[in-house]
>>> print(open('work_12.cif').read())   # mmCIF, C-alpha atoms and all ligand atoms
data_query
#
loop_
_atom_site.label_atom_id
_atom_site.label_comp_id
_atom_site.auth_asym_id
_atom_site.auth_seq_id
_atom_site.Cartn_x
_atom_site.Cartn_y
_atom_site.Cartn_z
CA MET A 1 -99.90 -53.55 154.82
CA ARG A 2 -97.04 -52.43 152.55
CA VAL A 3 -97.34 -48.67 152.07
CA MET A 4 -95.23 -46.30 150.00
CA LEU A 5 -95.02 -42.68 151.12
CA VAL A 6 -94.01 -40.01 148.63
CA GLY A 7 -92.41 -36.81 149.97
CA GLY A 8 -89.70 -35.86 152.44
CA GLY A 9 -90.85 -32.90 154.55
CA ALA A 10 -92.20 -32.56 158.08
CA ARG A 11 -95.74 -33.05 156.72
CA GLU A 12 -94.65 -36.42 155.33
CA HIS A 13 -92.83 -37.28 158.58
CA ALA A 14 -96.13 -36.65 160.40
CA ILE A 15 -97.94 -38.83 157.84
CA ALA A 16 -95.31 -41.58 158.30
CA GLU A 17 -95.68 -41.49 162.10
CA ALA A 18 -99.47 -41.69 161.81
CA LEU A 19 -99.27 -44.60 159.32
CA CYS A 20 -96.78 -46.50 161.49
CA ARG A 21 -99.13 -46.40 164.49
CA GLY A 22 -100.89 -49.19 162.54
CA GLU A 23 -99.63 -52.47 161.06
CA VAL A 24 -97.68 -50.83 158.27
CA GLU A 25 -94.46 -51.73 156.48
CA LEU A 26 -93.34 -48.36 155.22
CA TYR A 27 -91.35 -47.59 152.05
CA ALA A 28 -90.46 -44.06 151.11
CA VAL A 29 -89.58 -42.04 148.02
CA MET A 30 -88.23 -38.58 148.72
CA GLY A 31 -85.98 -35.92 147.26
CA ASN A 32 -83.88 -35.51 150.41
CA ARG A 33 -83.09 -38.00 153.15
CA ASN A 34 -85.50 -37.10 155.94
CA PRO A 35 -84.09 -38.88 158.99
CA GLY A 36 -87.47 -39.16 160.71
CA ILE A 37 -89.05 -40.97 157.76
CA ALA A 38 -85.90 -42.95 156.96
CA ARG A 39 -85.86 -44.63 160.35
CA LEU A 40 -89.52 -45.64 160.09
CA ALA A 41 -89.10 -47.03 156.58
CA ARG A 42 -87.90 -50.47 155.50
CA GLU A 43 -86.34 -48.89 152.44
CA VAL A 44 -85.89 -45.42 151.07
CA ARG A 45 -85.40 -44.29 147.51
CA ILE A 46 -83.95 -40.84 146.94
CA ALA A 47 -85.57 -39.51 143.76
CA LYS A 48 -87.32 -36.46 142.45
CA GLU A 49 -90.90 -36.80 143.71
CA THR A 50 -92.26 -35.48 140.39
CA ASP A 51 -90.43 -38.17 138.44
CA VAL A 52 -93.64 -40.14 138.07
CA GLU A 53 -92.06 -43.14 136.33
CA LYS A 54 -89.44 -43.55 139.09
CA VAL A 55 -92.15 -43.35 141.76
CA VAL A 56 -94.23 -46.00 139.96
CA GLN A 57 -91.16 -48.23 139.48
CA ALA A 58 -90.41 -48.00 143.22
CA ALA A 59 -94.02 -48.95 144.06
CA GLU A 60 -93.81 -51.97 141.74
CA ARG A 61 -90.42 -53.08 143.05
CA TRP A 62 -91.63 -52.89 146.65
CA ARG A 63 -95.00 -54.47 145.70
CA VAL A 64 -96.82 -51.94 147.84
CA GLU A 65 -100.55 -52.21 148.43
CA LEU A 66 -101.08 -48.48 148.94
CA ALA A 67 -99.35 -45.21 148.04
CA VAL A 68 -99.77 -42.05 150.11
CA VAL A 69 -98.63 -38.87 148.40
CA GLY A 70 -97.70 -35.86 150.55
CA PRO A 71 -96.87 -32.93 148.24
CA GLU A 72 -98.97 -31.39 145.47
CA ALA A 73 -96.37 -31.45 142.70
CA PRO A 74 -96.38 -35.25 142.07
CA LEU A 75 -100.21 -35.25 142.18
CA CYS A 76 -100.39 -32.43 139.65
CA ALA A 77 -97.86 -34.38 137.55
CA GLY A 78 -100.28 -37.34 137.47
CA VAL A 79 -98.67 -39.78 139.92
CA ALA A 80 -102.04 -41.06 141.20
CA ASP A 81 -103.17 -41.82 137.64
CA ARG A 82 -99.98 -43.75 136.80
CA LEU A 83 -100.03 -45.63 140.10
CA GLY A 84 -103.65 -46.57 139.42
CA GLU A 85 -102.70 -47.92 135.98
CA ALA A 86 -100.00 -49.99 137.69
CA GLY A 87 -102.60 -51.40 140.10
CA VAL A 88 -101.49 -49.39 143.15
CA PRO A 89 -104.33 -47.58 144.95
CA CYS A 90 -103.35 -44.03 145.82
CA MET A 91 -104.35 -41.75 148.70
CA GLY A 92 -104.16 -38.50 146.73
CA PRO A 93 -106.29 -37.28 143.83
CA LYS A 94 -105.78 -37.91 140.14
CA GLN A 95 -104.28 -35.18 137.97
CA ARG A 96 -107.55 -33.68 136.68
CA LEU A 97 -108.82 -33.35 140.24
CA ALA A 98 -105.51 -32.06 141.58
CA MET A 99 -106.02 -29.14 139.18
CA VAL A 100 -108.14 -27.58 141.92
CA GLU A 101 -104.71 -26.61 143.28
CA GLY A 102 -102.65 -26.92 140.07
CA SER A 103 -104.64 -24.22 138.28
CA LYS A 104 -105.98 -21.26 140.21
CA SER A 105 -108.00 -20.20 137.17
CA PHE A 106 -109.66 -23.64 137.00
CA CYS A 107 -110.44 -23.44 140.71
CA ARG A 108 -112.08 -20.00 140.41
CA TRP A 109 -113.92 -21.05 137.25
CA LEU A 110 -115.24 -24.19 138.96
CA MET A 111 -116.49 -22.21 141.95
CA SER A 112 -118.14 -19.68 139.73
CA SER A 113 -119.69 -22.20 137.30
CA TYR A 114 -121.14 -24.32 140.12
CA ARG A 115 -122.17 -21.27 142.17
CA ILE A 116 -120.11 -22.35 145.16
CA PRO A 117 -120.20 -19.72 147.91
CA GLY A 118 -117.01 -18.01 149.09
CA ASN A 119 -115.66 -17.18 145.63
CA VAL A 120 -114.05 -13.79 144.85
CA SER A 121 -114.25 -11.59 141.73
CA TYR A 122 -111.45 -12.61 139.40
CA ALA A 123 -110.25 -12.78 135.83
CA SER A 124 -107.42 -14.75 134.25
CA PHE A 125 -105.10 -13.80 131.40
CA THR A 126 -102.30 -15.07 129.19
CA ASP A 127 -101.95 -11.67 127.49
CA ALA A 128 -99.97 -9.09 129.47
CA ALA A 129 -101.66 -6.01 127.94
CA GLU A 130 -105.13 -7.38 128.73
CA ALA A 131 -104.08 -8.21 132.30
CA CYS A 132 -102.79 -4.64 132.79
CA GLU A 133 -105.91 -3.13 131.28
CA PHE A 134 -108.03 -5.19 133.68
CA ILE A 135 -105.97 -4.10 136.71
CA ASP A 136 -106.50 -0.47 135.62
CA SER A 137 -110.22 -1.00 135.16
CA ILE A 138 -111.00 -2.04 138.72
CA GLU A 139 -111.20 0.30 141.66
CA GLY A 140 -110.00 -1.70 144.62
CA GLU A 141 -106.73 -3.42 145.36
CA VAL A 142 -105.93 -6.78 143.78
CA ALA A 143 -104.02 -10.00 144.38
CA VAL A 144 -101.85 -11.16 141.48
CA LYS A 145 -101.46 -14.94 141.31
CA PRO A 146 -99.64 -17.17 138.85
CA ALA A 147 -102.27 -19.75 137.87
CA GLY A 148 -99.98 -22.78 138.21
CA LEU A 149 -97.80 -24.17 140.99
CA THR A 150 -95.02 -21.98 142.35
CA GLY A 151 -94.16 -23.79 145.57
CA GLY A 152 -96.22 -21.29 147.57
CA LYS A 153 -94.10 -18.33 146.50
CA GLY A 154 -96.03 -16.79 143.63
CA VAL A 155 -98.89 -14.80 145.16
CA ARG A 156 -98.41 -11.04 145.57
CA VAL A 157 -100.99 -8.71 147.05
CA MET A 158 -101.35 -4.92 146.70
CA GLY A 159 -100.71 -3.12 149.97
CA GLU A 160 -98.54 -6.03 151.12
CA HIS A 161 -95.98 -7.17 148.54
CA LEU A 162 -97.01 -4.74 145.79
CA LYS A 163 -96.87 -1.06 146.71
CA SER A 164 -98.89 0.32 143.82
CA ARG A 165 -101.10 -0.52 140.86
CA GLU A 166 -98.01 -0.06 138.66
CA GLU A 167 -96.20 -2.76 140.63
CA ALA A 168 -99.23 -5.03 140.33
CA LYS A 169 -99.23 -4.57 136.56
CA ALA A 170 -95.47 -5.12 136.34
CA TYR A 171 -95.77 -8.36 138.28
CA ALA A 172 -98.71 -9.61 136.16
CA LYS A 173 -96.61 -8.91 133.07
CA GLU A 174 -93.63 -10.73 134.60
CA VAL A 175 -95.76 -13.80 135.40
CA ILE A 176 -96.92 -14.02 131.79
CA GLU A 177 -93.66 -13.12 130.07
CA ARG A 178 -91.41 -15.23 132.28
CA GLY A 179 -93.83 -18.13 132.36
CA ILE A 180 -94.08 -18.15 136.18
CA GLY A 181 -96.49 -20.91 137.23
CA GLY A 182 -97.17 -21.74 133.58
CA GLY A 183 -97.49 -18.14 132.32
CA GLU A 184 -101.18 -17.58 133.07
CA VAL A 185 -102.05 -14.92 135.64
CA VAL A 186 -105.14 -14.70 137.83
CA ILE A 187 -106.15 -11.25 139.08
CA GLU A 188 -108.42 -11.37 142.11
CA GLU A 189 -110.09 -8.80 144.34
CA LYS A 190 -107.99 -8.44 147.48
CA VAL A 191 -109.61 -9.93 150.56
CA GLU A 192 -108.60 -8.98 154.07
CA GLY A 193 -109.07 -10.60 157.45
CA GLU A 194 -107.77 -13.61 159.33
CA GLU A 195 -106.79 -16.72 157.45
CA PHE A 196 -107.74 -20.18 158.61
CA THR A 197 -107.47 -23.70 157.28
CA VAL A 198 -110.01 -26.49 157.14
CA GLN A 199 -108.81 -29.82 155.76
CA ALA A 200 -111.02 -32.79 154.96
CA PHE A 201 -110.54 -36.42 154.06
CA VAL A 202 -112.48 -37.07 150.88
CA ALA A 203 -113.65 -40.23 149.08
CA GLY A 204 -116.78 -41.52 147.37
CA GLY A 205 -118.23 -38.00 147.30
CA GLU A 206 -118.16 -37.84 151.12
CA VAL A 207 -116.06 -35.52 153.28
CA LEU A 208 -114.69 -36.00 156.78
CA PRO A 209 -113.55 -32.61 158.06
CA MET A 210 -110.64 -32.16 160.48
CA PRO A 211 -110.19 -29.53 163.21
CA ALA A 212 -109.64 -25.96 161.98
CA VAL A 213 -106.05 -24.72 162.16
CA GLN A 214 -104.43 -21.30 161.80
CA ASP A 215 -101.07 -21.15 160.01
CA HIS A 216 -98.65 -18.18 160.22
CA LYS A 217 -97.15 -17.33 156.86
CA ARG A 218 -95.11 -14.27 157.79
CA ALA A 219 -91.46 -14.86 158.61
CA PHE A 220 -91.24 -12.75 161.76
CA GLU A 221 -93.01 -12.20 165.05
CA GLY A 222 -96.04 -9.94 165.03
CA ASP A 223 -96.94 -11.30 161.56
CA ARG A 224 -94.24 -9.16 159.98
CA GLY A 225 -91.84 -9.78 157.12
CA HIS A 226 -92.06 -11.76 153.92
CA ASN A 227 -94.39 -14.68 153.33
CA THR A 228 -93.03 -18.17 153.89
CA GLY A 229 -94.45 -21.67 153.49
CA GLY A 230 -95.66 -21.31 157.10
CA MET A 231 -93.73 -20.73 160.35
CA GLY A 232 -96.12 -22.60 162.62
CA SER A 233 -99.76 -23.19 163.46
CA TYR A 234 -102.20 -23.84 166.27
CA SER A 235 -105.55 -25.50 166.82
CA LEU A 236 -107.98 -25.49 169.75
CA ALA A 237 -109.53 -28.36 171.70
CA SER A 238 -112.95 -27.32 170.35
CA GLY A 239 -111.81 -27.85 166.73
CA LEU A 240 -112.69 -24.19 166.10
CA LEU A 241 -110.49 -21.07 166.40
CA PRO A 242 -110.70 -17.96 168.57
CA PHE A 243 -112.28 -16.05 165.65
CA ILE A 244 -114.17 -18.97 164.06
CA ASP A 245 -117.47 -20.18 165.47
CA ALA A 246 -119.37 -23.35 164.60
CA SER A 247 -121.35 -21.68 161.82
CA ASP A 248 -118.16 -20.28 160.20
CA TYR A 249 -116.64 -23.75 160.34
CA GLU A 250 -119.77 -25.33 158.84
CA PHE A 251 -119.74 -22.73 156.07
CA ALA A 252 -116.13 -23.65 155.24
CA VAL A 253 -116.99 -27.37 155.26
CA GLU A 254 -119.97 -26.70 152.99
CA ILE A 255 -117.64 -24.96 150.49
CA ILE A 256 -115.41 -28.05 150.55
CA ARG A 257 -118.42 -30.37 150.10
CA ARG A 258 -119.79 -28.36 147.19
CA THR A 259 -116.34 -28.29 145.56
CA VAL A 260 -115.92 -32.07 145.85
CA ASP A 261 -119.31 -32.48 144.22
CA ALA A 262 -118.48 -29.99 141.45
CA LEU A 263 -115.17 -31.74 140.77
CA ARG A 264 -116.98 -35.05 140.42
CA ARG A 265 -119.57 -33.60 138.06
CA GLU A 266 -116.96 -31.77 136.01
CA THR A 267 -114.43 -34.59 135.62
CA GLY A 268 -116.50 -37.72 136.19
CA GLU A 269 -113.80 -38.78 138.68
CA ASP A 270 -113.93 -39.47 142.41
CA TYR A 271 -111.69 -37.25 144.56
CA ARG A 272 -109.69 -39.54 146.86
CA GLY A 273 -107.38 -37.82 149.27
CA VAL A 274 -107.22 -34.70 151.39
CA LEU A 275 -108.75 -31.43 150.25
CA TYR A 276 -107.31 -28.38 152.00
CA GLY A 277 -109.28 -25.15 152.04
CA GLN A 278 -107.56 -21.93 152.97
CA PHE A 279 -110.16 -19.37 153.98
CA MET A 280 -110.19 -15.73 155.00
CA LYS A 281 -112.64 -14.38 157.52
CA GLY A 282 -113.14 -10.66 157.03
CA ARG A 283 -116.54 -9.08 156.66
CA GLU A 284 -117.52 -12.47 155.24
CA ILE A 285 -115.75 -15.76 154.61
CA LYS A 286 -113.94 -16.22 151.30
CA LEU A 287 -112.00 -19.09 149.85
CA ILE A 288 -108.38 -18.06 149.22
CA GLU A 289 -107.26 -21.30 147.64
CA PHE A 290 -107.62 -25.05 147.62
CA ASN A 291 -104.75 -27.47 147.98
CA CYS A 292 -104.97 -31.10 146.93
CA ARG A 293 -103.08 -32.41 149.98
CA PHE A 294 -102.49 -31.87 153.70
CA GLY A 295 -101.22 -28.44 154.69
CA ASP A 296 -97.70 -27.95 155.95
CA PRO A 297 -97.57 -27.17 158.92
CA GLU A 298 -101.29 -27.88 159.46
CA ALA A 299 -100.75 -31.64 158.96
CA MET A 300 -98.59 -31.67 162.09
CA ASN A 301 -101.48 -30.33 164.19
CA VAL A 302 -104.18 -32.64 162.96
CA LEU A 303 -102.10 -35.81 162.58
CA THR A 304 -100.64 -35.46 166.08
CA LEU A 305 -104.24 -35.29 167.36
CA LEU A 306 -105.62 -38.05 165.14
CA GLU A 307 -106.87 -41.19 166.90
CA GLY A 308 -107.87 -44.40 165.16
CA ASP A 309 -106.69 -46.40 162.20
CA PHE A 310 -105.08 -43.82 159.91
CA ALA A 311 -103.53 -46.45 157.62
CA GLY A 312 -106.95 -48.14 157.29
CA LEU A 313 -108.57 -44.79 156.57
CA CYS A 314 -106.00 -44.07 153.82
CA ALA A 315 -106.45 -47.54 152.30
CA GLY A 316 -110.23 -47.05 152.24
CA ILE A 317 -109.93 -43.59 150.69
CA ALA A 318 -107.64 -44.92 147.95
CA GLU A 319 -110.44 -47.40 147.08
CA GLY A 320 -113.15 -44.73 147.20
CA ARG A 321 -114.52 -45.51 150.69
CA LEU A 322 -114.44 -42.96 153.47
CA GLY A 323 -114.00 -44.49 156.93
CA GLU A 324 -113.85 -42.81 160.30
CA VAL A 325 -111.20 -41.45 162.63
CA ASP A 326 -111.33 -39.14 165.63
CA PHE A 327 -109.27 -36.25 166.83
CA ARG A 328 -108.30 -35.86 170.49
CA LYS A 329 -110.08 -32.86 171.96
CA LEU A 330 -106.86 -31.06 172.81
CA ALA A 331 -105.12 -27.89 171.70
CA SER A 332 -101.98 -28.12 169.56
CA VAL A 333 -99.18 -25.72 168.69
CA CYS A 334 -96.61 -26.38 165.98
CA LYS A 335 -93.47 -24.23 165.70
CA TYR A 336 -91.03 -24.50 162.83
CA ILE A 337 -87.34 -23.92 163.39
CA VAL A 338 -85.85 -22.53 160.19
CA PRO A 339 -82.51 -21.22 158.89
CA ARG A 340 -82.11 -17.43 158.99
CA GLY A 341 -83.11 -15.90 155.70
CA TYR A 342 -85.54 -18.75 154.94
CA GLY A 343 -87.83 -17.63 152.14
CA VAL A 344 -85.52 -14.88 150.81
CA SER A 345 -81.77 -15.62 151.12
CA PRO A 346 -81.24 -18.60 153.39
CA ALA A 347 -78.06 -19.00 155.40
CA PRO A 348 -75.65 -21.61 153.97
CA PRO A 349 -76.13 -25.22 155.16
CA ALA A 350 -74.89 -25.72 158.72
CA GLU A 351 -74.88 -28.56 161.17
CA ILE A 352 -77.90 -28.85 163.42
CA GLN A 353 -78.36 -30.86 166.63
CA VAL A 354 -81.76 -32.19 167.60
CA ASP A 355 -81.99 -33.53 171.14
CA GLU A 356 -84.95 -35.83 170.66
CA ARG A 357 -84.88 -37.05 174.25
CA GLY A 358 -84.97 -33.47 175.53
CA ILE A 359 -87.93 -32.71 173.25
CA ALA A 360 -89.77 -35.83 174.46
CA GLU A 361 -89.07 -34.90 178.08
CA GLU A 362 -90.80 -31.57 177.46
CA GLY A 363 -93.81 -33.63 176.31
CA ALA A 364 -93.44 -32.45 172.70
CA VAL A 365 -93.22 -34.27 169.37
CA VAL A 366 -90.57 -33.58 166.74
CA TYR A 367 -90.97 -33.80 162.97
CA TYR A 368 -87.99 -33.43 160.64
CA ALA A 369 -88.38 -31.24 157.57
CA ALA A 370 -85.85 -30.18 154.91
CA VAL A 371 -82.68 -31.36 156.62
CA ASP A 372 -80.01 -33.50 155.09
CA GLU A 373 -78.52 -36.47 156.89
CA ARG A 374 -74.91 -37.10 155.88
CA ASP A 375 -72.46 -39.40 157.67
CA GLY A 376 -74.64 -39.50 160.73
CA ARG A 377 -74.82 -35.69 161.00
CA LEU A 378 -77.71 -33.37 160.23
CA TYR A 379 -77.46 -30.24 158.11
CA THR A 380 -79.89 -27.45 157.35
CA THR A 381 -80.90 -26.78 153.73
CA THR A 382 -82.56 -23.67 152.33
CA SER A 383 -86.01 -24.54 153.69
CA ARG A 384 -87.62 -25.25 157.06
CA SER A 385 -85.56 -27.57 159.29
CA VAL A 386 -87.54 -29.08 162.16
CA ALA A 387 -91.06 -28.74 163.57
CA VAL A 388 -91.96 -29.28 167.21
CA VAL A 389 -95.52 -29.81 168.37
CA GLY A 390 -97.02 -29.35 171.83
CA VAL A 391 -100.40 -30.85 172.64
CA ALA A 392 -102.35 -30.07 175.84
CA GLU A 393 -105.77 -29.29 177.27
CA SER A 394 -105.23 -25.56 176.88
CA LEU A 395 -103.64 -23.56 174.09
CA GLU A 396 -101.47 -21.80 176.65
CA GLU A 397 -99.99 -25.07 177.82
CA ALA A 398 -99.55 -26.48 174.31
CA GLU A 399 -97.71 -23.30 173.36
CA ALA A 400 -95.45 -23.49 176.41
CA ILE A 401 -94.58 -27.13 175.61
CA ALA A 402 -93.73 -26.33 171.99
CA GLU A 403 -91.72 -23.27 173.00
CA ARG A 404 -89.67 -25.21 175.57
CA ALA A 405 -89.03 -27.91 172.96
CA THR A 406 -87.46 -25.41 170.56
CA ALA A 407 -84.54 -25.03 172.99
CA HIS A 408 -83.53 -28.62 172.20
CA VAL A 409 -82.85 -27.82 168.55
CA ARG A 410 -79.47 -26.15 168.22
CA GLY A 411 -77.40 -24.85 165.38
CA GLU A 412 -76.00 -21.73 163.83
CA HIS A 413 -78.39 -19.30 162.11
CA LEU A 414 -81.60 -20.94 163.34
CA TYR A 415 -84.69 -19.09 164.44
CA HIS A 416 -88.38 -19.62 165.12
CA ARG A 417 -91.39 -17.47 165.94
CA ARG A 418 -91.91 -17.42 169.69
CA ASP A 419 -95.30 -15.72 169.34
CA ILE A 420 -97.24 -18.49 167.54
CA GLY A 421 -100.11 -19.70 169.73
CA THR A 422 -99.59 -16.98 172.36
CA LYS A 423 -102.43 -15.06 173.93
CA GLU A 424 -100.85 -11.72 172.96
CA LEU A 425 -100.72 -12.51 169.25
CA ILE A 426 -104.23 -13.97 169.22
CA GLU A 427 -105.59 -10.89 171.02
CA ARG A 428 -103.97 -8.66 168.38
CA LYS A 429 -105.51 -10.75 165.60
CA LEU A 430 -108.94 -10.55 167.22
CA GLU A 431 -108.64 -6.81 167.63
CA ARG A 432 -107.63 -6.38 163.97
CA LEU A 433 -110.57 -8.48 162.85
CA ARG A 434 -113.05 -6.61 165.07
CA LYS A 435 -111.88 -3.34 163.51
CA LEU A 436 -112.18 -4.69 159.97
CA ARG A 437 -115.70 -5.95 160.68
CA GLY A 438 -116.64 -2.66 162.34
CA GLU A 439 -117.51 -4.38 165.64
N1 LIG B 1 -99.81 -23.98 155.09
C1 LIG B 1 -99.81 -23.67 153.74
C2 LIG B 1 -99.80 -24.79 152.81
O1 LIG B 1 -99.74 -25.93 153.20
O2 LIG B 1 -99.86 -24.57 151.62
#
>>> encode(input="work_12.cif", output="structure tokens")
Amino acid sequence: MRVMLVGGGAREHAIAEALCRGEVELYAVMGNRNPGIARLAREVRIAKETDVEKVVQAAERWRVELAVVGPEAPLCAGVADRLGEAGVPCMGPKQRLAMVEGSKSFCRWLMSSYRIPGNVSYASFTDAAEACEFIDSIEGEVAVKPAGLTGGKGVRVMGEHLKSREEAKAYAKEVIERGIGGGEVVIEEKVEGEEFTVQAFVAGGEVLPMPAVQDHKRAFEGDRGHNTGGMGSYSLASGLLPFIDASDYEFAVEIIRRTVDALRRETGEDYRGVLYGQFMKGREIKLIEFNCRFGDPEAMNVLTLLEGDFAGLCAGIAEGRLGEVDFRKLASVCKYIVPRGYGVSPAPPAEIQVDERGIAEEGAVVYYAAVDERDGRLYTTTSRSVAVVGVAESLEEAEAIAERATAHVRGEHLYHRRDIGTKELIERKLERLRKLRGE
């Protein structure tokens, strides 16, 4: 099958690897030359992934039978709709459905209108004075979120990134006046607890949930520092998490199911792709946000564990049929190696060496992210560079494999979080959660 992959990060490298386990001829469109994807692909086109017409032209030139879209931005720009018009089935939802990620106010409205559990109190504004008045009118702390896409960098929370109500108001005003994420702001009650991710394949109104994963957004060990796109993630052999039991997981899946149904009723369209739910377990479980694609880094956990015909599953989904795949009952730990200053003021591009053989000898898997390949050498960019994944029967062993693998990625100004997937960090998280829940 001729398949076009859109996107050039580690998530897309993991998708490419999973596709190429089947009988796939891969073609790729990406903004940067990801060496991991490039070597799996017959041909690569370097183009802006949101340039929908260029993506469609590439699909037509390559006469692909299926497109798989990694990032949210092309989906929110309508790439699945245009590919469909050109006769190319797409694994990834159409624009109106992708709005579940593309507009946080639509997402909250949908949950509230269809009485989907897990919603939070919220209000959305395009008028700065009204937004400020609302922030003043509520007692508790709030999260201030640009409604539209901001590449994961727009959300600010009181007590974390915003020190006072005044700062919350100033940021809400800035979002509206500077047009951040489209210039609409969503003010939500702040929810506290432990975050977790449940992703599901979706087609024909059916959902096929994947193992739960916990991402680590904070830049530094001990969950300290600024928020990033995610520094690494882990999953357990059980498919649950140390603080998530089967009924929590089922509750999260039910929220996803109800949302898929609401989207279908609201738009008259069938969601075909991956729906990613980011949840918070505190005193209860709340939905933090939906994404219309695989998570990054969570894709690296689940796709490394996936068994079965992934390409066939994607082809079925793009036609509205949900097939079946399995996940190996093993633990996984993904650690991202990133340039110093990633997320705030990244170090300038520098050469990076990845000893793939050394990583394989540790029993780990490597996925390339935002690196640039020039004249046979690899350079860092401003974003995450390389992800390594360890898979084993126990979390402890998976963590040790991933940690040893990081030593085979060398370069100036690189760092990673050694604590992701460790017993010590998980114990601290459990303790924090017990306190919050008064247990
Ligand atoms: N792990 C966060 C995201 O994919 O948005």
>>> axis_aligned_box(input="work_12.cif", around="ligand LIG 1 (chain B)", padding_each_side="4 Å", output="lines of an AutoDock Vina configuration file")
center_x = -99.8
center_y = -24.8
center_z = 153.4
size_x = 8.1
size_y = 10.3
size_z = 11.5
>>> atom_distance(input="work_12.cif", atom1="CA of Leu275 in chain A", atom2="CA of Val260 in chain A")
8.4 Å
>>> residues_near_ligand(input="work_12.cif", ligand="ligand LIG 1 (chain B)", cutoff="6 Å", atoms="only C-alpha atoms and all ligand atoms", output="PyMOL selection string")
chain A and resi 215+229-230+295-297
>>> write_last_selection(input="work_12.cif", atoms="C-alpha atoms", output="PDB file, in the coordinates of the input")
ATOM      1  CA  ASP A 215    -101.070 -21.150 160.010  1.00  0.00           C
ATOM      2  CA  GLY A 229     -94.450 -21.670 153.490  1.00  0.00           C
ATOM      3  CA  GLY A 230     -95.660 -21.310 157.100  1.00  0.00           C
ATOM      4  CA  GLY A 295    -101.220 -28.440 154.690  1.00  0.00           C
ATOM      5  CA  ASP A 296     -97.700 -27.950 155.950  1.00  0.00           C
ATOM      6  CA  PRO A 297     -97.570 -27.170 158.920  1.00  0.00           C
TER       7      PRO A 297
END
>>> closest_residue(input="work_12.cif", among="A:Trp62, A:Phe294, A:Phe220, A:Tyr249", to="Arg417 in chain A", atoms="only C-alpha atoms")
A:Phe220
>>> atom_distance(input="work_12.cif", atom1="CA of Thr406 in chain A", atom2="CA of Ala16 in chain A")
21.8 Å
>>> closest_atom_pairs(input="work_12.cif", of="range 48-159 of chain A", to="range 309-315 of chain A", cutoff="9 Å", atoms="all atoms listed in the file", output="tab-separated table")
residue	atom	partner	partner_atom	distance
A:Glu65	CA	A:Ala315	CA	8.5
A:Leu66	CA	A:Ala315	CA	6.4
A:Ala67	CA	A:Ala315	CA	8.6
A:Val68	CA	A:Cys314	CA	7.5
A:Pro89	CA	A:Ala315	CA	7.6
A:Cys90	CA	A:Ala315	CA	8.0
A:Met91	CA	A:Cys314	CA	5.9
>>> atom_distance(input="work_12.cif", atom1="CA of Ala123 in chain A", atom2="CA of Ala212 in chain A")
29.3 Å
>>> residues_around(input="work_12.cif", residues="Asp326 in chain A", least_positions_apart="5", cutoff="8 Å", atoms="all atoms listed in the file", output="list in words")
Leu306, Glu307 and Gly308 of chain A
>>> closest_residue(input="work_12.cif", among="A:Leu395, A:Ile337, A:Val64, A:Gly78", to="Val371 in chain A", atoms="all atoms listed in the file")
A:Ile337
>>> residues_around(input="work_12.cif", residues="range 373-381 of chain A", least_positions_apart="2", cutoff="8 Å", atoms="all atoms listed in the file", output="PyMOL selection string")
chain A and resi 33-35+339+348-353+370-371+383-385
>>> closest_residue(input="work_12.cif", among="A:Glu206, A:Pro346, A:Leu414, A:Glu250", to="Gly320 in chain A", atoms="only C-alpha atoms")
A:Glu206
>>> closest_residue(input="work_12.cif", among="A:Arg293, A:Arg404, A:Arg328, A:Arg82", to="Gly102 in chain A", atoms="only C-alpha atoms")
A:Arg293
>>> decode(input="work_12.cif", residues="range 271-279 of chain A", atoms="N, CA and C atoms", output="compact mmCIF listing (two decimals), in the first residue's frame")
# COMPACT_ATOMS: atom_id res chain seq x y z
N TYR A 271 -15.86 10.73 12.98
CA TYR A 271 -14.47 10.99 13.42
C TYR A 271 -13.62 9.79 13.01
N ARG A 272 -12.57 10.03 12.24
CA ARG A 272 -11.69 8.95 11.78
C ARG A 272 -10.25 9.30 12.09
N GLY A 273 -9.74 8.73 13.14
CA GLY A 273 -8.36 9.04 13.51
C GLY A 273 -8.10 8.62 14.94
N VAL A 274 -7.24 9.39 15.59
CA VAL A 274 -6.93 9.14 17.01
C VAL A 274 -7.52 10.30 17.80
N LEU A 275 -8.19 9.98 18.89
CA LEU A 275 -8.64 11.03 19.81
C LEU A 275 -7.86 10.85 21.10
N TYR A 276 -7.23 11.93 21.52
CA TYR A 276 -6.32 11.91 22.68
C TYR A 276 -7.01 12.67 23.81
N GLY A 277 -7.21 12.03 24.92
CA GLY A 277 -7.78 12.71 26.08
C GLY A 277 -6.71 12.91 27.14
N GLN A 278 -6.55 14.16 27.54
CA GLN A 278 -5.65 14.43 28.67
C GLN A 278 -6.53 14.66 29.89
N PHE A 279 -6.31 13.86 30.91
CA PHE A 279 -7.17 13.88 32.09
C PHE A 279 -6.36 14.27 33.32
